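J.: See input_1.txt below, with compact mmCIF, C-alpha atoms.
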```txt
# COMPACT_ATOMS: atom_id res chain seq x y z
CA MET A 1 8.25 -6.26 2.20
CA PHE A 2 4.65 -7.28 1.50
CA ARG A 3 4.21 -5.88 -2.00
CA ASP A 4 7.64 -6.95 -3.23
CA SER A 5 7.33 -10.70 -2.63
CA LEU A 6 3.73 -11.66 -1.87
CA ALA A 7 3.63 -13.98 -4.87
CA MET A 8 6.93 -15.61 -3.85
CA ARG A 9 5.81 -16.20 -0.26
CA SER A 10 2.46 -17.59 -1.45
CA LEU A 11 4.34 -19.88 -3.82
CA VAL A 12 6.57 -21.08 -0.96
CA ILE A 13 3.54 -21.96 1.19
CA GLY A 14 1.83 -23.74 -1.71
CA VAL A 15 4.93 -25.72 -2.71
CA CYS A 16 5.53 -26.70 0.91
CA ALA A 17 1.96 -28.03 1.11
CA VAL A 18 2.57 -30.24 -1.96
CA VAL A 19 5.95 -31.42 -0.66
CA ALA A 20 4.42 -32.24 2.73
CA TYR A 21 1.62 -34.20 1.04
CA ALA A 22 4.16 -36.11 -1.07
CA ILE A 23 6.18 -37.02 2.05
CA ARG A 24 3.08 -38.14 3.93
CA HIS A 25 1.13 -39.88 1.15
CA HIS A 26 3.82 -40.55 -1.51
CA ASP A 27 1.75 -38.70 -4.10
CA LEU A 28 2.02 -35.21 -5.63
CA LEU A 29 -1.66 -34.97 -6.60
CA MET A 30 -3.43 -33.38 -3.63
CA PRO A 31 -7.24 -33.69 -3.40
CA ALA A 32 -9.40 -30.61 -3.92
CA SER A 33 -10.15 -30.43 -0.18
CA TYR A 34 -6.44 -30.02 0.56
CA TRP A 35 -6.14 -27.24 -2.03
CA LEU A 36 -9.06 -25.45 -0.34
CA ALA A 37 -7.11 -25.65 2.90
CA VAL A 38 -4.09 -24.13 1.13
CA LEU A 39 -6.18 -21.24 -0.21
CA LEU A 40 -7.59 -20.59 3.26
CA ALA A 41 -4.08 -20.64 4.72
CA LEU A 42 -2.87 -18.15 2.11
CA TRP A 43 -5.71 -15.76 2.94
CA LEU A 44 -5.15 -16.09 6.70
CA ASN A 45 -1.42 -15.54 6.21
CA LEU A 46 -2.24 -12.40 4.22
CA VAL A 47 -4.31 -11.13 7.17
CA CYS A 48 -1.49 -11.90 9.61
CA GLU A 49 1.14 -10.22 7.42
CA GLN A 50 -0.93 -7.07 7.18
CA CYS A 51 -1.81 -6.91 10.87
CA LEU A 52 1.56 -8.16 12.19
CA PRO A 53 4.22 -6.90 9.75
CA LEU A 54 7.83 -7.97 10.13
CA ARG A 55 10.22 -5.41 11.58
CA ARG A 56 12.85 -3.99 9.25
CA ARG A 57 16.46 -5.03 9.91
CA ALA A 58 15.37 -7.66 12.39
CA SER A 59 17.84 -10.34 13.45
CA PRO A 60 17.43 -13.93 12.18
CA THR A 61 16.14 -14.97 15.61
CA ILE A 62 13.45 -12.28 15.63
CA LEU A 63 12.55 -13.02 12.01
CA GLY A 64 12.24 -16.74 12.70
CA GLY A 65 10.14 -16.16 15.80
CA ALA A 66 7.82 -13.71 14.07
CA ILE A 67 7.29 -16.00 11.07
CA LEU A 68 6.67 -19.00 13.33
CA GLY A 69 4.23 -17.01 15.44
CA ARG A 70 2.20 -15.99 12.40
CA LEU A 71 2.15 -19.54 11.03
CA LEU A 72 1.05 -20.92 14.41
CA LEU A 73 -1.75 -18.36 14.51
CA VAL A 74 -2.86 -19.43 11.04
CA ALA A 75 -2.71 -23.09 12.10
CA LEU A 76 -4.73 -22.34 15.25
CA VAL A 77 -7.50 -20.59 13.31
CA MET A 78 -7.62 -23.36 10.69
CA THR A 79 -7.75 -26.05 13.37
CA ALA A 80 -10.62 -24.28 15.13
CA LEU A 81 -12.52 -23.93 11.85
CA ALA A 82 -11.92 -27.59 10.98
CA TYR A 83 -13.21 -28.78 14.37
CA GLY A 84 -16.16 -26.41 14.21
CA ALA A 85 -17.15 -27.68 10.76
CA LYS A 86 -16.44 -31.29 11.80
CA LEU A 87 -13.84 -31.66 9.04
CA SER A 88 -10.80 -32.36 11.17
CA ASP A 89 -10.83 -36.08 10.27
CA SER A 90 -10.61 -35.19 6.56
CA TYR A 91 -7.02 -33.99 6.87
CA SER A 92 -3.85 -35.73 7.93
CA ARG A 93 -2.41 -34.24 11.11
CA LEU A 94 1.06 -35.41 10.11
CA TRP A 95 0.67 -33.58 6.78
CA SER A 96 -0.27 -30.43 8.68
CA ALA A 97 2.84 -30.71 10.85
CA TYR A 98 5.12 -31.30 7.86
CA TRP A 99 3.50 -28.37 6.03
CA LEU A 100 3.96 -26.04 8.99
CA ALA A 101 7.62 -26.94 9.45
CA ALA A 102 8.44 -26.71 5.73
CA SER A 103 6.62 -23.38 5.37
CA TRP A 104 8.46 -21.91 8.35
CA LEU A 105 11.85 -22.94 6.97
CA GLY A 106 11.04 -21.73 3.43
CA LEU A 107 9.66 -18.36 4.57
CA LEU A 108 12.61 -17.80 6.91
CA VAL A 109 15.14 -18.44 4.13
CA LEU A 110 13.21 -16.09 1.83
CA ALA A 111 13.02 -13.36 4.50
CA LEU A 112 16.74 -13.63 5.27
CA SER A 113 17.64 -13.38 1.59
CA GLU A 114 15.49 -10.26 1.24
CA SER A 115 16.90 -8.59 4.34
CA THR A 116 20.50 -8.99 3.12
CA ARG A 117 19.87 -7.95 -0.47
CA GLY A 118 21.84 -4.87 -1.48
CA GLY A 119 23.61 -2.36 0.74
CA GLY A 120 22.34 0.82 -0.86
CA ARG A 121 23.28 4.36 0.17
CA LEU A 122 22.70 6.12 3.46
CA ILE A 123 21.83 9.71 2.53
CA LEU A 124 22.12 11.91 5.63
CA VAL A 125 20.39 15.26 5.46
CA GLY A 126 21.15 18.05 7.93
CA ASP A 127 22.04 21.69 8.36
CA ALA A 128 25.25 23.01 6.83
CA VAL A 129 26.89 23.31 10.28
CA GLU A 130 26.31 19.59 10.87
CA LEU A 131 27.85 18.35 7.64
CA GLY A 132 31.36 18.16 9.12
CA THR A 133 30.13 15.75 11.78
CA LEU A 134 27.93 13.87 9.34
CA GLY A 135 30.94 13.32 7.08
CA GLN A 136 32.64 11.31 9.84
CA ARG A 137 29.96 8.64 9.63
CA GLN A 138 31.13 5.16 8.69
CA PRO A 139 29.07 2.84 6.48
CA VAL A 140 26.74 0.71 8.60
CA ALA A 141 26.61 -2.15 6.10
CA PRO A 142 29.14 -3.72 3.73
CA GLY A 143 29.38 -1.69 0.54
CA GLN A 144 27.12 1.06 1.84
CA GLN A 145 27.98 4.60 0.78
CA VAL A 146 27.30 7.57 3.06
CA VAL A 147 26.19 10.77 1.34
CA CYS A 148 25.83 14.06 3.28
CA LEU A 149 23.62 16.83 1.93
CA THR A 150 21.76 19.86 3.18
CA LEU A 151 18.00 19.93 2.65
CA PRO A 152 18.20 22.37 -0.32
CA GLN A 153 20.93 20.21 -1.87
CA VAL A 154 18.95 16.98 -1.56
CA LEU A 155 15.84 18.66 -3.01
CA ASP A 156 17.87 19.94 -5.98
CA TRP A 157 19.37 16.49 -6.46
CA LEU A 158 16.03 14.66 -6.27
CA ASN A 159 14.43 17.10 -8.72
CA GLY A 160 17.43 16.94 -11.05
CA PRO A 161 18.41 14.38 -13.69
CA ASP A 162 20.09 12.10 -11.12
CA GLY A 163 17.02 11.84 -8.90
CA ASP A 164 15.73 8.81 -10.77
CA LYS A 165 18.89 6.84 -9.88
CA LEU A 166 17.64 6.06 -6.38
CA ALA A 167 17.57 2.35 -5.63
CA PRO A 168 15.41 0.26 -3.27
CA GLY A 169 18.35 -0.17 -0.89
CA ASP A 170 18.88 3.58 -0.46
CA GLU A 171 17.76 5.39 2.67
CA ILE A 172 17.30 9.09 3.37
CA VAL A 173 17.63 10.07 7.03
CA VAL A 174 16.89 13.63 8.12
CA VAL A 175 19.05 14.38 11.18
CA GLY A 176 18.59 17.23 13.65
CA ARG A 177 15.59 19.51 13.71
CA VAL A 178 12.29 18.47 12.18
CA PRO A 179 11.81 20.19 8.81
CA GLU A 180 8.98 22.68 8.45
CA PRO A 181 5.72 21.31 6.97
CA ALA A 182 6.45 22.89 3.59
CA ASP A 183 9.92 21.31 3.50
CA ARG A 184 8.52 17.92 4.48
CA THR A 185 5.97 18.16 1.69
CA ALA A 186 8.68 19.15 -0.80
CA LEU A 187 10.92 16.25 0.26
CA VAL A 188 8.17 13.62 0.06
CA LEU A 189 6.96 14.86 -3.31
CA ALA A 190 10.50 15.20 -4.69
CA LEU A 191 10.94 11.46 -4.26
CA HIS A 192 8.17 10.95 -6.82
CA GLY A 193 7.37 7.64 -5.20
CA ASN A 194 10.90 6.23 -5.47
CA PRO A 195 11.27 3.04 -3.38
CA VAL A 196 13.41 4.73 -0.72
CA ALA A 197 13.07 4.65 3.06
CA LEU A 198 12.59 8.19 4.39
CA ARG A 199 13.17 8.57 8.14
CA TYR A 200 13.74 11.27 10.73
CA CYS A 201 16.23 10.98 13.57
CA PRO A 202 16.86 13.75 16.14
CA ASP A 203 20.28 12.33 17.07
CA LEU A 204 23.13 11.69 14.65
CA PHE A 205 24.11 8.47 16.42
CA CYS A 206 20.76 6.77 15.83
CA ALA A 207 20.75 7.39 12.08
CA ASP A 208 21.62 3.76 11.32
CA ASP A 209 19.06 2.34 13.77
CA ALA A 210 15.63 1.89 12.24
CA LEU A 211 14.15 1.26 15.69
CA ALA A 212 15.44 4.54 17.12
CA SER A 213 14.12 6.67 14.27
CA VAL A 214 10.66 7.43 12.95
CA PRO A 215 9.20 7.94 9.48
CA LEU A 216 9.39 11.58 8.40
CA VAL A 217 5.63 11.48 7.83
CA PRO A 218 3.97 10.30 11.10
CA ARG A 219 2.28 6.92 10.83
CA PRO A 220 -0.98 5.83 12.50
CA ASN A 221 -0.95 4.49 16.03
CA PRO A 222 -0.01 0.77 15.74
CA LEU A 223 -3.19 -0.40 17.50
CA ASP A 224 -5.36 1.86 15.35
CA ASP A 225 -3.53 0.68 12.21
CA PHE A 226 -4.04 -2.96 13.26
CA ALA A 227 -7.79 -2.42 13.73
CA LYS A 228 -8.13 -0.54 10.45
CA ARG A 229 -6.16 -3.13 8.46
CA LEU A 230 -8.15 -5.99 9.96
CA SER A 231 -11.46 -4.30 9.07
CA ASP A 232 -10.13 -3.56 5.57
CA LEU A 233 -9.17 -7.16 5.01
CA LEU A 234 -12.47 -8.56 6.28
CA LEU A 235 -14.78 -6.03 4.60
CA GLY A 236 -12.58 -5.82 1.49
CA SER A 237 -12.67 -9.60 1.00
CA LEU A 238 -16.45 -9.60 1.44
CA ALA A 239 -16.86 -6.70 -1.01
CA LEU A 240 -14.64 -8.42 -3.57
CA ALA A 241 -16.68 -11.61 -3.31
CA LEU A 242 -19.95 -9.67 -3.79
CA CYS A 243 -18.57 -7.59 -6.67
CA ALA A 244 -16.72 -10.37 -8.50
CA ILE A 245 -19.47 -11.06 -11.06
CA PRO A 246 -20.22 -7.36 -11.80
CA MET A 247 -16.46 -6.74 -12.17
CA LEU A 248 -16.14 -9.60 -14.66
CA ALA A 249 -19.10 -8.22 -16.63
CA ILE A 250 -17.58 -4.72 -16.70
CA ALA A 251 -14.21 -6.14 -17.78
CA ALA A 252 -15.90 -8.08 -20.60
CA VAL A 253 -17.67 -4.94 -21.92
CA ILE A 254 -14.42 -2.92 -21.87
CA ALA A 255 -12.55 -5.79 -23.56
CA LEU A 256 -15.06 -5.76 -26.44
CA ASP A 257 -13.96 -2.21 -27.24
CA ARG A 258 -10.48 -3.55 -28.19
CA SER A 259 -9.01 -0.03 -28.20
CA GLY A 260 -6.94 -0.45 -25.05
CA PRO A 261 -6.40 -2.47 -21.87
CA VAL A 262 -9.22 -3.33 -19.49
CA LEU A 263 -7.44 -1.85 -16.48
CA PHE A 264 -5.92 1.60 -16.07
CA ARG A 265 -2.71 1.58 -14.01
CA GLN A 266 -0.97 4.62 -12.59
CA GLN A 267 1.59 5.35 -9.88
CA ARG A 268 0.21 7.21 -6.84
CA LEU A 269 1.60 8.16 -3.43
CA GLY A 270 0.29 6.28 -0.40
CA LEU A 271 1.10 5.85 3.27
CA GLY A 272 4.26 7.75 4.19
CA GLY A 273 4.66 8.98 0.61
CA ALA A 274 5.49 5.49 -0.70
CA ALA A 275 4.49 4.83 -4.30
CA PHE A 276 2.06 2.13 -5.38
CA THR A 277 0.21 1.18 -8.55
CA ILE A 278 -3.48 2.04 -8.44
CA TYR A 279 -5.97 0.00 -10.48
CA LYS A 280 -9.13 1.26 -12.15
CA PHE A 281 -11.31 0.13 -14.99
CA ARG A 282 -10.27 2.06 -18.10
CA THR A 283 -12.81 4.81 -18.81
CA MET A 284 -10.85 6.86 -21.35
CA VAL A 285 -9.37 6.28 -24.77
CA ALA A 286 -6.07 4.39 -24.57
CA ALA A 287 -3.98 7.45 -25.58
CA ALA A 288 -5.10 9.38 -22.48
CA ALA A 289 -3.03 7.16 -20.18
CA GLY A 290 0.19 8.57 -21.64
CA GLN A 291 -0.56 12.23 -21.02
CA ALA A 292 2.32 13.47 -18.88
CA GLU A 293 0.46 16.22 -17.04
CA ALA A 294 -2.52 13.97 -16.25
CA PRO A 295 -5.19 16.68 -16.64
CA GLN A 296 -8.26 16.11 -14.48
CA ALA A 297 -11.34 14.66 -16.13
CA GLN A 298 -14.38 16.93 -16.20
CA GLY A 299 -17.84 17.07 -17.68
CA GLY A 300 -17.91 16.58 -21.45
CA ASP A 301 -14.29 15.39 -21.54
CA ALA A 302 -13.66 14.06 -25.05
CA ARG A 303 -11.20 11.47 -23.70
CA ILE A 304 -13.94 9.57 -21.80
CA THR A 305 -15.68 6.73 -23.62
CA ARG A 306 -19.46 6.34 -23.52
CA PHE A 307 -19.31 3.29 -21.26
CA GLY A 308 -16.53 4.96 -19.26
CA ALA A 309 -18.83 7.92 -18.53
CA PHE A 310 -21.38 5.50 -17.07
CA LEU A 311 -18.73 3.80 -14.92
CA ARG A 312 -17.41 7.12 -13.62
CA ARG A 313 -20.87 8.48 -12.88
CA TRP A 314 -21.64 5.56 -10.58
CA GLY A 315 -18.10 5.08 -9.25
CA LEU A 316 -17.83 1.58 -10.74
CA ASP A 317 -14.43 2.32 -12.27
CA GLU A 318 -12.99 2.26 -8.73
CA LEU A 319 -13.91 -1.38 -8.02
CA PRO A 320 -10.49 -2.85 -8.95
CA GLN A 321 -9.04 -0.84 -6.06
CA LEU A 322 -10.40 -3.58 -3.81
CA PHE A 323 -7.22 -5.44 -4.82
CA ASN A 324 -5.19 -2.40 -3.66
CA VAL A 325 -7.01 -2.67 -0.32
CA LEU A 326 -6.14 -6.35 0.10
CA THR A 327 -2.46 -5.73 -0.72
CA GLY A 328 -2.25 -2.94 1.87
CA ASP A 329 -1.63 -0.09 -0.58
CA MET A 330 -5.04 1.42 0.11
CA SER A 331 -7.86 1.36 2.64
CA LEU A 332 -11.59 1.26 2.08
CA VAL A 333 -11.80 4.73 3.66
CA GLY A 334 -9.14 7.43 3.56
CA PRO A 335 -7.91 10.45 1.60
CA ARG A 336 -8.27 9.87 -2.13
CA PRO A 337 -4.87 9.46 -3.88
CA HIS A 338 -4.02 11.97 -6.59
CA ALA A 339 -1.82 11.74 -9.68
CA PHE A 340 1.83 12.78 -9.18
CA PRO A 341 1.55 16.07 -11.12
CA HIS A 342 -1.43 17.10 -8.98
CA ASP A 343 0.43 16.19 -5.77
CA MET A 344 3.36 18.29 -6.91
CA ALA A 345 1.24 21.28 -7.90
CA TRP A 346 -1.02 21.30 -4.86
CA GLY A 347 1.68 20.26 -2.39
CA SER A 348 3.85 23.23 -3.39
CA GLN A 349 0.98 25.62 -2.54
CA LEU A 350 -0.45 23.91 0.56
CA PRO A 351 2.27 23.34 3.20
CA HIS A 352 0.24 20.81 5.23
CA TYR A 353 -0.55 18.72 2.16
CA VAL A 354 2.01 16.13 3.30
CA GLN A 355 -0.24 15.24 6.25
CA ARG A 356 -2.52 13.41 3.81
CA PHE A 357 0.12 10.67 3.70
CA ARG A 358 -0.30 9.86 7.40
CA MET A 359 -2.93 7.27 6.44
CA ARG A 360 -3.43 4.89 3.59
CA PRO A 361 -5.41 6.43 0.73
CA GLY A 362 -8.99 5.25 0.43
CA ILE A 363 -11.52 4.20 -2.20
CA THR A 364 -13.89 6.63 -0.52
CA GLY A 365 -13.43 9.28 2.13
CA LEU A 366 -14.99 12.01 4.21
CA ALA A 367 -14.42 14.57 1.46
CA GLN A 368 -16.21 12.38 -1.09
CA VAL A 369 -19.37 11.85 0.99
CA ARG A 370 -19.41 15.60 1.72
CA GLY A 371 -19.73 16.34 -2.00
CA TRP A 372 -16.06 16.79 -2.99
CA ARG A 373 -15.89 14.05 -5.63
CA GLY A 374 -14.48 14.34 -9.12
CA TYR A 375 -13.15 17.48 -10.78
CA ALA A 376 -11.61 20.21 -8.61
CA GLY A 377 -10.85 23.29 -10.67
CA THR A 378 -9.51 25.72 -8.08
CA LEU A 379 -6.99 25.78 -5.26
CA GLU A 380 -9.82 26.69 -2.89
CA ALA A 381 -11.58 23.43 -3.81
CA ILE A 382 -8.41 21.43 -3.12
CA ARG A 383 -7.94 23.29 0.17
CA ALA A 384 -11.49 22.35 1.19
CA ARG A 385 -10.81 18.69 0.37
CA LEU A 386 -7.54 18.81 2.29
CA GLU A 387 -9.27 20.21 5.37
CA LEU A 388 -11.79 17.35 5.30
CA ASP A 389 -9.01 14.78 4.77
CA LEU A 390 -7.07 16.14 7.76
CA ASP A 391 -10.25 16.26 9.85
CA TYR A 392 -10.82 12.59 9.02
CA ILE A 393 -7.25 11.68 10.03
CA ARG A 394 -7.58 13.55 13.34
CA ARG A 395 -10.97 12.02 14.21
CA TRP A 396 -10.45 8.52 12.80
CA SER A 397 -12.32 5.63 14.37
CA LEU A 398 -13.85 2.39 13.11
CA LEU A 399 -17.28 3.92 13.72
CA LEU A 400 -16.38 6.90 11.51
CA ASP A 401 -15.21 4.51 8.76
CA LEU A 402 -18.50 2.61 8.99
CA ARG A 403 -20.51 5.84 8.79
CA ILE A 404 -18.56 6.94 5.70
CA LEU A 405 -19.01 3.56 4.02
CA LEU A 406 -22.76 3.65 4.66
CA ALA A 407 -22.94 7.21 3.30
CA THR A 408 -20.94 6.40 0.15
CA LEU A 409 -23.67 4.69 -1.88
CA PRO A 410 -26.30 7.42 -1.22
CA ALA A 411 -23.69 10.08 -2.08
CA LEU A 412 -22.82 8.27 -5.32
CA ALA A 413 -26.47 7.89 -6.26
CA GLN A 414 -27.20 11.54 -5.52
CA GLY A 415 -24.22 12.71 -7.56
CA ALA A 416 -25.00 10.35 -10.45
CA LEU A 417 -28.65 11.40 -10.65
CA SER A 418 -27.85 15.11 -10.44
CA GLU A 419 -25.19 14.71 -13.15
CA LYS A 420 -27.67 12.89 -15.36
CA ARG A 421 -30.22 15.69 -14.94
CA ASP A 422 -27.61 18.27 -15.85
```
Now that the file is in, can you turn its structure into structure tokens?

T.:
Amino acid sequence: MFRDSLAMRSLVIGVCAVVAYAIRHHDLLMPASYWLAVLLALWLNLVCEQCLPLRRRASPTILGGAILGRLLLVALVMTALAYGAKLSDSYSRLWSAYWLAASWLGLLVLALSESTRGGGRLILVGDAVELGTLGQRQPVAPGQQVVCLTLPQVLDWLNGPDGDKLAPGDEIVVVGRVPEPADRTALVLALHGNPVALRYCPDLFCADDALASVPLVPRPNPLDDFAKRLSDLLLGSLALALCAIPMLAIAAVIALDRSGPVLFRQQRLGLGGAAFTIYKFRTMVAAAAGQAEAPQAQGGDARITRFGAFLRRWGLDELPQLFNVLTGDMSLVGPRPHAFPHDMAWGSQLPHYVQRFRMRPGITGLAQVRGWRGYAGTLEAIRARLELDLDYIRRWSLLLDLRILLATLPALAQGALSEKRD
């Protein structure tokens, strides 16, 4: 829900602030100090959304309570900051109350409209002997179509010409036994990042209950995920503030080239196999972005520009991924995301490859600080990276993240200097 309507929810909060000010002061022109309060509220709401996400298919009562709870938490933090900075007298308390009430109502209406949008298809996947029972299922929502397929059938369908017809409202539920690791990898990769919910349910009768089923790819422990997201938001915001001027300077140099866009955008697979758009500074000629097979860049690659080679050597092309961290698509530390063709090729040869999607992909990771950064020319090299990624997922802790972050700059410097000598 976060990525689809962040701008809309931010707009609702901002508009409600202006409306509340107009009601209280009979004027639409808010002072700069009030706008600073709005920006702070938007950032705090972003933190709350990431750390306390709304539950799918929640009832209006639960949605309303969750939204109100997050807004009250934001209000509590802002009130404490205002009193601590001795600025509480600079703001109207009545305006704050109006703003809180209007924001709650606006966000609730928006959330309800999103939760009821589109019925989609319920695609039930099971063994051939179960299909007779699966076919007796009734739609669980108005207009919802139930489709029953075996695992080989759904893989053929997803990899065929109709696979791109999946819609955001569709859901794939694997019922019965848990697929083997290789089958799970094949199913996740066959989706090619389509916006489809992929769940596992051991019992046929819980297939329509999102609370009684689990994602096919295991997710992090909720408390661990909360701690990691909170650290990402705090450290990511600090890093973005420190890197803002260098990023603007890099963007200006790339823009002077005028041969392509400043940013390189590409679809990658993230947590649970969900697709997201990764951002990097463009380091290659513009035509390279359209290469279907996305060949890996390596030393002396003719596609890389002179300035792009400098950015890649020092890892500066990755800086725009700080925005991916703030939106929840990525983490500061985690398995590096690969291009779709590489996921498909390596996933088909490494059955446990799907386990990489148990955590959000990272800007840096254990494999990168251990020397596995950049071009990987053999399956053995990818297997070594995968083993380090899985070791990181098994041993994850905030302390491990901090150690990897502290080791990233020395590892970059060592790699850049050795590459320059070569």

J.: May I ask for the distance between CA of Tyr83 in chain A and CA of Ser237 in chain A, given in Å to one decimal place?

T.: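 We find that CA of Tyr83 in chain A and CA of Ser237 in chain A lie 23.4 Å from each other.
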
J.: Measuring atom to atom with all atoms listed in the file, identify which of A:Leu155, A:Leu350, A:Leu405, A:Met30 is nearest to Glu387 in chain A.

T.: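 For Glu387 in chain A, the nearest of the candidates is A:Leu350.
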
J.: Residues near range 19-23 of chain A, anyone? I mean within 6 Å using all atoms listed in the file, not counting same-chain ones fewer than 3 positions away, as a PyMOL selection string.

T.: chain A and resi 16+26-28+95+98-99

J.: Need to verify the contact set: Thr327 in chain A, 12 Å, all atoms listed in the file, exclusion of same-chain residues closer than 6 positions in sequence. Can you return it as a PyMOL selection string?

T.: chain A and resi 1-7+43+46-47+49-51+229+232-233+236-237+276-279+320-321+360

J.: Got time to write the residues from that selection, C-alpha atoms, as a PDB file, in the coordinates of the input?

T.:
```
ATOM      1  CA  MET A   1       8.250  -6.260   2.200  1.00  0.00           C
ATOM      2  CA  PHE A   2       4.650  -7.280   1.500  1.00  0.00           C
ATOM      3  CA  ARG A   3       4.210  -5.880  -2.000  1.00  0.00           C
ATOM      4  CA  ASP A   4       7.640  -6.950  -3.230  1.00  0.00           C
ATOM      5  CA  SER A   5       7.330 -10.700  -2.630  1.00  0.00           C
ATOM      6  CA  LEU A   6       3.730 -11.660  -1.870  1.00  0.00           C
ATOM      7  CA  ALA A   7       3.630 -13.980  -4.870  1.00  0.00           C
ATOM      8  CA  TRP A  43      -5.710 -15.760   2.940  1.00  0.00           C
ATOM      9  CA  LEU A  46      -2.240 -12.400   4.220  1.00  0.00           C
ATOM     10  CA  VAL A  47      -4.310 -11.130   7.170  1.00  0.00           C
ATOM     11  CA  GLU A  49       1.140 -10.220   7.420  1.00  0.00           C
ATOM     12  CA  GLN A  50      -0.930  -7.070   7.180  1.00  0.00           C
ATOM     13  CA  CYS A  51      -1.810  -6.910  10.870  1.00  0.00           C
ATOM     14  CA  ARG A 229      -6.160  -3.130   8.460  1.00  0.00           C
ATOM     15  CA  ASP A 232     -10.130  -3.560   5.570  1.00  0.00           C
ATOM     16  CA  LEU A 233      -9.170  -7.160   5.010  1.00  0.00           C
ATOM     17  CA  GLY A 236     -12.580  -5.820   1.490  1.00  0.00           C
ATOM     18  CA  SER A 237     -12.670  -9.600   1.000  1.00  0.00           C
ATOM     19  CA  PHE A 276       2.060   2.130  -5.380  1.00  0.00           C
ATOM     20  CA  THR A 277       0.210   1.180  -8.550  1.00  0.00           C
ATOM     21  CA  ILE A 278      -3.480   2.040  -8.440  1.00  0.00           C
ATOM     22  CA  TYR A 279      -5.970   0.000 -10.480  1.00  0.00           C
ATOM     23  CA  PRO A 320     -10.490  -2.850  -8.950  1.00  0.00           C
ATOM     24  CA  GLN A 321      -9.040  -0.840  -6.060  1.00  0.00           C
ATOM     25  CA  ARG A 360      -3.430   4.890   3.590  1.00  0.00           C
TER      26      ARG A 360
END
```

J.: Which residue is closest to Met8 in chain A? Choose from A:Val178, A:Leu107, A:Leu269, A:Val147 and count only C-alpha atoms.

T.: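 Result for the nearest residue to Met8 in chain A: A:Leu107.
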
J.: Name all residues at most 8 Å from Ser397 in chain A (count only C-alpha atoms; drop same-chain ones fewer than 3 positions away) and give them as an NGL selection string.

T.: :A and (224 or 400-401)

J.: Using only C-alpha atoms, pick whichever of A:Ile67, A:Ile363, A:Val154, A:Leu187 has the shortest atom-to-atom distance to Met330 in chain A.

T.: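 That would be A:Ile363, the residue with the smallest distance to Met330 in chain A.
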
J.: Could you check how far CA of Gly270 in chain A sits from CA of Met359 in chain A, in Å to one decimal?

T.: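 So the answer is 7.6 Å.
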
J.: With all atoms listed in the file as the atoms that count, which of A:Gly315, A:Gly272, A:Pro351, A:Pro341 lies nearest to Ala186 in chain A?

T.: A:Pro351

J.: Compare A:Leu234, A:Leu72, A:Arg282, A:Ala384 by their minimum atom-to-atom distance to Ala255 in chain A, counting all atoms listed in the file, and give me the closest one.

T.: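 Closest residue, counting all atoms listed in the file: A:Arg282.
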
J.: Kindly indicate which residue among A:Met78, A:Leu100, A:Leu319, A:Leu63 lies nearest to Ala244 in chain A, using only C-alpha atoms for the distances.

T.: A:Leu319

J.: Excluding His338 in chain A and any residue of its chain fewer than 4 positions from it, enumerate the residues within 12 Å of it, using all atoms listed in the file, and give them as an MDAnalysis selection string.

T.: chainID A and resid 189 266:270 273 275:278 294:296 342:347 353 356:357 361:363 374:376 382 385:386

J.: Using C-alpha atoms, can you write the selected residues to a file as an mmCIF file, keeping the file's coordinate frame?

T.:
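Done, and the output landed in result-v4.cif:
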```cif
data_model
loop_
_atom_site.group_PDB
_atom_site.id
_atom_site.type_symbol
_atom_site.label_atom_id
_atom_site.label_comp_id
_atom_site.auth_asym_id
_atom_site.auth_seq_id
_atom_site.Cartn_x
_atom_site.Cartn_y
_atom_site.Cartn_z
ATOM 1 C CA LEU A 189 6.960 14.860 -3.310
ATOM 2 C CA GLN A 266 -0.970 4.620 -12.590
ATOM 3 C CA GLN A 267 1.590 5.350 -9.880
ATOM 4 C CA ARG A 268 0.210 7.210 -6.840
ATOM 5 C CA LEU A 269 1.600 8.160 -3.430
ATOM 6 C CA GLY A 270 0.290 6.280 -0.400
ATOM 7 C CA GLY A 273 4.660 8.980 0.610
ATOM 8 C CA ALA A 275 4.490 4.830 -4.300
ATOM 9 C CA PHE A 276 2.060 2.130 -5.380
ATOM 10 C CA THR A 277 0.210 1.180 -8.550
ATOM 11 C CA ILE A 278 -3.480 2.040 -8.440
ATOM 12 C CA ALA A 294 -2.520 13.970 -16.250
ATOM 13 C CA PRO A 295 -5.190 16.680 -16.640
ATOM 14 C CA GLN A 296 -8.260 16.110 -14.480
ATOM 15 C CA HIS A 342 -1.430 17.100 -8.980
ATOM 16 C CA ASP A 343 0.430 16.190 -5.770
ATOM 17 C CA MET A 344 3.360 18.290 -6.910
ATOM 18 C CA ALA A 345 1.240 21.280 -7.900
ATOM 19 C CA TRP A 346 -1.020 21.300 -4.860
ATOM 20 C CA GLY A 347 1.680 20.260 -2.390
ATOM 21 C CA TYR A 353 -0.550 18.720 2.160
ATOM 22 C CA ARG A 356 -2.520 13.410 3.810
ATOM 23 C CA PHE A 357 0.120 10.670 3.700
ATOM 24 C CA PRO A 361 -5.410 6.430 0.730
ATOM 25 C CA GLY A 362 -8.990 5.250 0.430
ATOM 26 C CA ILE A 363 -11.520 4.200 -2.200
ATOM 27 C CA GLY A 374 -14.480 14.340 -9.120
ATOM 28 C CA TYR A 375 -13.150 17.480 -10.780
ATOM 29 C CA ALA A 376 -11.610 20.210 -8.610
ATOM 30 C CA ILE A 382 -8.410 21.430 -3.120
ATOM 31 C CA ARG A 385 -10.810 18.690 0.370
ATOM 32 C CA LEU A 386 -7.540 18.810 2.290
#
```

J.: Using Å and a single decimal, report how far CA of Leu366 in chain A sits from CA of Leu216 in chain A.

T.: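 Calculated distance between CA of Leu216 in chain A and CA of Leu366 in chain A is 24.7 Å.
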